[in-house]
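S.K.: Provided herewith is a single structure, encoded as structure tokens, for subsequent inquiry.
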Amino acid sequence: VILDVLVRLLSPILPHTCDEVMESLHGPNATTIQGAPALKFNYTTAVDWQPVLQARRHVLKLLEDAKVKGIENSLDAGVKVPHSIPSEFLTDLADLFGVSRVEFHDSDSFEITDLQNELRCERSWKRDATVAERDNGAILSERDYNAIK
């Protein structure tokens with residue numbers, strides 16, 4: 001019980017490690033999100049997290065496989081996901097998967113895209129579509145540019 005509570009408390013800080021510990025303790029369908037402290041999300045309706053959590057596991061495996069192809073840093077990758085993932089999550093999927101960009105496509109499979117040749121934000125290291133050279137000479141995403149104004 002103590003380990004279970006400790007893992008749930010540490011999950012915001014060490015999410016990948018805590019997910020692995022929970023899987024070892026409770027099986028492959030265990031998640032730390034279910035017992036984590038209440039978080040405020042921008043979702044207006046109740047949505048099912050299970051497809052997203054399963055997709056996350058699948059994407060993390062694909063990212064491991066992509067290391068052989070030269071994508072060492074997950075922020076140098078994007079992910080194309082099928083439309084079966086609830087669209088309410090689209091704005092948060094990049095952060096949930098640990099990649100720079102997520103977009104839907106018409107296939108039933110997940111696909112890792114190599115973004116290493118695109119500009120990288122000097123603040124967040126993400127390679128999203130809004131990264132550009134700003135008036136002060138910095139290369140920043142729109143979000144990070146607005147944060148440091």
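Chain labels run A, B, ... following the order of the structure tokens; each chain numbers its residues from 1, and ligands are numbered from 1 in the order shown.
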Which residues come within 12 Å of range 88-97 of chain A, counting only C-alpha atoms, excluding same-chain residues fewer than 5 positions away, as a PDB file with N, CA and C atoms, in the first residue's frame?
M.R.:
```pdb
ATOM      1  N   PRO A  12       3.586  12.598 -11.217  1.00  0.00           N
ATOM      2  CA  PRO A  12       3.752  13.823 -12.004  1.00  0.00           C
ATOM      3  C   PRO A  12       5.220  14.177 -12.273  1.00  0.00           C
ATOM      4  N   PRO A  15       6.848  10.266 -14.603  1.00  0.00           N
ATOM      5  CA  PRO A  15       5.700   9.550 -15.168  1.00  0.00           C
ATOM      6  C   PRO A  15       6.034   8.198 -15.789  1.00  0.00           C
ATOM      7  N   HIS A  16       7.121   8.112 -16.549  1.00  0.00           N
ATOM      8  CA  HIS A  16       7.434   6.854 -17.237  1.00  0.00           C
ATOM      9  C   HIS A  16       7.828   5.769 -16.233  1.00  0.00           C
ATOM     10  N   ILE A  33      -2.636   7.572 -13.543  1.00  0.00           N
ATOM     11  CA  ILE A  33      -3.566   8.688 -13.706  1.00  0.00           C
ATOM     12  C   ILE A  33      -4.830   8.477 -12.879  1.00  0.00           C
ATOM     13  N   PHE A  41      -8.529  19.747 -16.351  1.00  0.00           N
ATOM     14  CA  PHE A  41      -8.358  19.694 -17.788  1.00  0.00           C
ATOM     15  C   PHE A  41      -9.416  20.572 -18.432  1.00  0.00           C
ATOM     16  N   ASN A  42      -9.200  20.928 -19.659  1.00  0.00           N
ATOM     17  CA  ASN A  42     -10.124  21.788 -20.385  1.00  0.00           C
ATOM     18  C   ASN A  42     -11.227  21.000 -21.085  1.00  0.00           C
ATOM     19  N   TYR A  43     -11.498  19.792 -20.660  1.00  0.00           N
ATOM     20  CA  TYR A  43     -12.497  18.975 -21.321  1.00  0.00           C
ATOM     21  C   TYR A  43     -13.864  19.265 -20.725  1.00  0.00           C
ATOM     22  N   THR A  44     -14.827  19.520 -21.585  1.00  0.00           N
ATOM     23  CA  THR A  44     -16.155  19.878 -21.107  1.00  0.00           C
ATOM     24  C   THR A  44     -17.037  18.657 -20.886  1.00  0.00           C
ATOM     25  N   THR A  45     -16.678  17.532 -21.472  1.00  0.00           N
ATOM     26  CA  THR A  45     -17.457  16.318 -21.278  1.00  0.00           C
ATOM     27  C   THR A  45     -16.557  15.224 -20.736  1.00  0.00           C
ATOM     28  N   ALA A  46     -17.186  14.257 -20.129  1.00  0.00           N
ATOM     29  CA  ALA A  46     -16.411  13.125 -19.636  1.00  0.00           C
ATOM     30  C   ALA A  46     -15.938  12.308 -20.834  1.00  0.00           C
ATOM     31  N   VAL A  47     -14.662  12.005 -20.870  1.00  0.00           N
ATOM     32  CA  VAL A  47     -14.109  11.226 -21.968  1.00  0.00           C
ATOM     33  C   VAL A  47     -13.406  10.007 -21.407  1.00  0.00           C
ATOM     34  N   ASP A  48     -13.276   9.019 -22.230  1.00  0.00           N
ATOM     35  CA  ASP A  48     -12.644   7.777 -21.839  1.00  0.00           C
ATOM     36  C   ASP A  48     -11.143   7.865 -22.101  1.00  0.00           C
ATOM     37  N   TRP A  49     -10.343   7.733 -21.058  1.00  0.00           N
ATOM     38  CA  TRP A  49      -8.891   7.835 -21.164  1.00  0.00           C
ATOM     39  C   TRP A  49      -8.259   6.563 -21.718  1.00  0.00           C
ATOM     40  N   GLN A  50      -8.944   5.440 -21.670  1.00  0.00           N
ATOM     41  CA  GLN A  50      -8.319   4.171 -22.046  1.00  0.00           C
ATOM     42  C   GLN A  50      -7.737   4.164 -23.469  1.00  0.00           C
ATOM     43  N   PRO A  51      -8.443   4.659 -24.500  1.00  0.00           N
ATOM     44  CA  PRO A  51      -7.831   4.663 -25.832  1.00  0.00           C
ATOM     45  C   PRO A  51      -6.563   5.516 -25.886  1.00  0.00           C
ATOM     46  N   VAL A  52      -6.557   6.604 -25.130  1.00  0.00           N
ATOM     47  CA  VAL A  52      -5.386   7.482 -25.128  1.00  0.00           C
ATOM     48  C   VAL A  52      -4.214   6.813 -24.414  1.00  0.00           C
ATOM     49  N   LEU A  53      -4.493   6.162 -23.302  1.00  0.00           N
ATOM     50  CA  LEU A  53      -3.420   5.488 -22.569  1.00  0.00           C
ATOM     51  C   LEU A  53      -2.859   4.306 -23.367  1.00  0.00           C
ATOM     52  N   GLN A  54      -3.728   3.574 -24.043  1.00  0.00           N
ATOM     53  CA  GLN A  54      -3.253   2.483 -24.899  1.00  0.00           C
ATOM     54  C   GLN A  54      -2.442   3.035 -26.063  1.00  0.00           C
ATOM     55  N   ALA A  55      -2.903   4.140 -26.636  1.00  0.00           N
ATOM     56  CA  ALA A  55      -2.167   4.773 -27.732  1.00  0.00           C
ATOM     57  C   ALA A  55      -0.807   5.255 -27.247  1.00  0.00           C
ATOM     58  N   ARG A  56      -0.751   5.788 -26.040  1.00  0.00           N
ATOM     59  CA  ARG A  56       0.519   6.268 -25.475  1.00  0.00           C
ATOM     60  C   ARG A  56       1.523   5.127 -25.354  1.00  0.00           C
ATOM     61  N   ARG A  57       1.071   3.995 -24.842  1.00  0.00           N
ATOM     62  CA  ARG A  57       1.965   2.835 -24.727  1.00  0.00           C
ATOM     63  C   ARG A  57       2.493   2.420 -26.104  1.00  0.00           C
ATOM     64  N   HIS A  58       1.598   2.415 -27.075  1.00  0.00           N
ATOM     65  CA  HIS A  58       1.975   2.029 -28.435  1.00  0.00           C
ATOM     66  C   HIS A  58       2.972   3.032 -29.027  1.00  0.00           C
ATOM     67  N   VAL A  59       2.718   4.318 -28.839  1.00  0.00           N
ATOM     68  CA  VAL A  59       3.605   5.355 -29.364  1.00  0.00           C
ATOM     69  C   VAL A  59       4.974   5.280 -28.690  1.00  0.00           C
ATOM     70  N   LEU A  60       5.011   5.055 -27.381  1.00  0.00           N
ATOM     71  CA  LEU A  60       6.301   4.948 -26.692  1.00  0.00           C
ATOM     72  C   LEU A  60       7.126   3.781 -27.245  1.00  0.00           C
ATOM     73  N   LYS A  61       6.460   2.680 -27.578  1.00  0.00           N
ATOM     74  CA  LYS A  61       7.156   1.542 -28.188  1.00  0.00           C
ATOM     75  C   LYS A  61       7.683   1.918 -29.576  1.00  0.00           C
ATOM     76  N   LEU A  62       6.864   2.616 -30.367  1.00  0.00           N
ATOM     77  CA  LEU A  62       7.293   3.052 -31.691  1.00  0.00           C
ATOM     78  C   LEU A  62       8.471   4.022 -31.602  1.00  0.00           C
ATOM     79  N   LEU A  63       8.470   4.880 -30.582  1.00  0.00           N
ATOM     80  CA  LEU A  63       9.590   5.806 -30.397  1.00  0.00           C
ATOM     81  C   LEU A  63      10.875   5.059 -30.050  1.00  0.00           C
ATOM     82  N   SER A  74      12.858  12.087 -28.496  1.00  0.00           N
ATOM     83  CA  SER A  74      11.447  12.000 -28.886  1.00  0.00           C
ATOM     84  C   SER A  74      10.885  13.342 -29.337  1.00  0.00           C
ATOM     85  N   LEU A  75      11.503  14.457 -28.926  1.00  0.00           N
ATOM     86  CA  LEU A  75      11.043  15.764 -29.383  1.00  0.00           C
ATOM     87  C   LEU A  75      11.457  16.044 -30.828  1.00  0.00           C
ATOM     88  N   ASP A  76      12.270  15.169 -31.407  1.00  0.00           N
ATOM     89  CA  ASP A  76      12.607  15.263 -32.829  1.00  0.00           C
ATOM     90  C   ASP A  76      11.618  14.475 -33.672  1.00  0.00           C
ATOM     91  N   ALA A  77      10.539  14.007 -33.044  1.00  0.00           N
ATOM     92  CA  ALA A  77       9.564  13.171 -33.746  1.00  0.00           C
ATOM     93  C   ALA A  77       8.167  13.776 -33.664  1.00  0.00           C
ATOM     94  N   GLY A  78       7.372  13.415 -34.643  1.00  0.00           N
ATOM     95  CA  GLY A  78       5.952  13.703 -34.635  1.00  0.00           C
ATOM     96  C   GLY A  78       5.221  12.383 -34.750  1.00  0.00           C
ATOM     97  N   VAL A  79       3.944  12.391 -34.468  1.00  0.00           N
ATOM     98  CA  VAL A  79       3.157  11.160 -34.548  1.00  0.00           C
ATOM     99  C   VAL A  79       1.885  11.440 -35.335  1.00  0.00           C
ATOM    100  N   LYS A  80       1.598  10.564 -36.270  1.00  0.00           N
ATOM    101  CA  LYS A  80       0.306  10.585 -36.956  1.00  0.00           C
ATOM    102  C   LYS A  80      -0.543   9.504 -36.313  1.00  0.00           C
ATOM    103  N   VAL A  81      -1.727   9.885 -35.860  1.00  0.00           N
ATOM    104  CA  VAL A  81      -2.598   8.963 -35.138  1.00  0.00           C
ATOM    105  C   VAL A  81      -3.900   8.771 -35.895  1.00  0.00           C
ATOM    106  N   PRO A  82      -4.540   7.603 -35.714  1.00  0.00           N
ATOM    107  CA  PRO A  82      -5.838   7.377 -36.372  1.00  0.00           C
ATOM    108  C   PRO A  82      -6.940   8.198 -35.706  1.00  0.00           C
ATOM    109  N   HIS A  83      -8.029   8.363 -36.404  1.00  0.00           N
ATOM    110  CA  HIS A  83      -9.157   9.137 -35.887  1.00  0.00           C
ATOM    111  C   HIS A  83      -9.886   8.436 -34.749  1.00  0.00           C
ATOM    112  N   VAL A 102       1.504  16.179 -33.056  1.00  0.00           N
ATOM    113  CA  VAL A 102       0.591  15.063 -33.293  1.00  0.00           C
ATOM    114  C   VAL A 102      -0.464  15.535 -34.279  1.00  0.00           C
ATOM    115  N   GLU A 103      -0.752  14.699 -35.262  1.00  0.00           N
ATOM    116  CA  GLU A 103      -1.813  15.010 -36.214  1.00  0.00           C
ATOM    117  C   GLU A 103      -2.575  13.741 -36.558  1.00  0.00           C
ATOM    118  N   PHE A 104      -3.850  13.918 -36.890  1.00  0.00           N
ATOM    119  CA  PHE A 104      -4.676  12.789 -37.294  1.00  0.00           C
ATOM    120  C   PHE A 104      -4.420  12.464 -38.765  1.00  0.00           C
ATOM    121  N   ILE A 112       5.338   7.286 -36.937  1.00  0.00           N
ATOM    122  CA  ILE A 112       6.311   8.241 -36.413  1.00  0.00           C
ATOM    123  C   ILE A 112       6.881   9.026 -37.590  1.00  0.00           C
ATOM    124  N   SER A 124      11.694  25.329 -25.541  1.00  0.00           N
ATOM    125  CA  SER A 124      11.054  24.051 -25.220  1.00  0.00           C
ATOM    126  C   SER A 124      11.653  22.869 -25.972  1.00  0.00           C
ATOM    127  N   LYS A 126      10.832  21.863 -28.739  1.00  0.00           N
ATOM    128  CA  LYS A 126       9.815  21.245 -29.591  1.00  0.00           C
ATOM    129  C   LYS A 126       9.974  21.731 -31.017  1.00  0.00           C
ATOM    130  N   ARG A 127       9.536  20.898 -31.943  1.00  0.00           N
ATOM    131  CA  ARG A 127       9.577  21.221 -33.361  1.00  0.00           C
ATOM    132  C   ARG A 127       8.144  21.282 -33.901  1.00  0.00           C
ATOM    133  N   ASP A 128       7.337  22.143 -33.297  1.00  0.00           N
ATOM    134  CA  ASP A 128       5.961  22.245 -33.771  1.00  0.00           C
ATOM    135  C   ASP A 128       5.873  23.220 -34.949  1.00  0.00           C
TER     136      ASP A 128
END
```
S.K.: Would you list the contacts of Val1 in chain A as a ChimeraX atom specification, taking every protein, DNA or RNA residue within 12 Å and counting only C-alpha atoms, but skipping same-chain residues closer than 3 positions in sequence?
M.R.: /A:4-8,22,25-26
S.K.: Could you please write out, as an MDAnalysis selection string, every residue of chain A that DSSP assigns to helix (DSSP H, G or I)?
M.R.: chainID A and resid 2:10 15:26 50:69 74:76 87:97 142:148
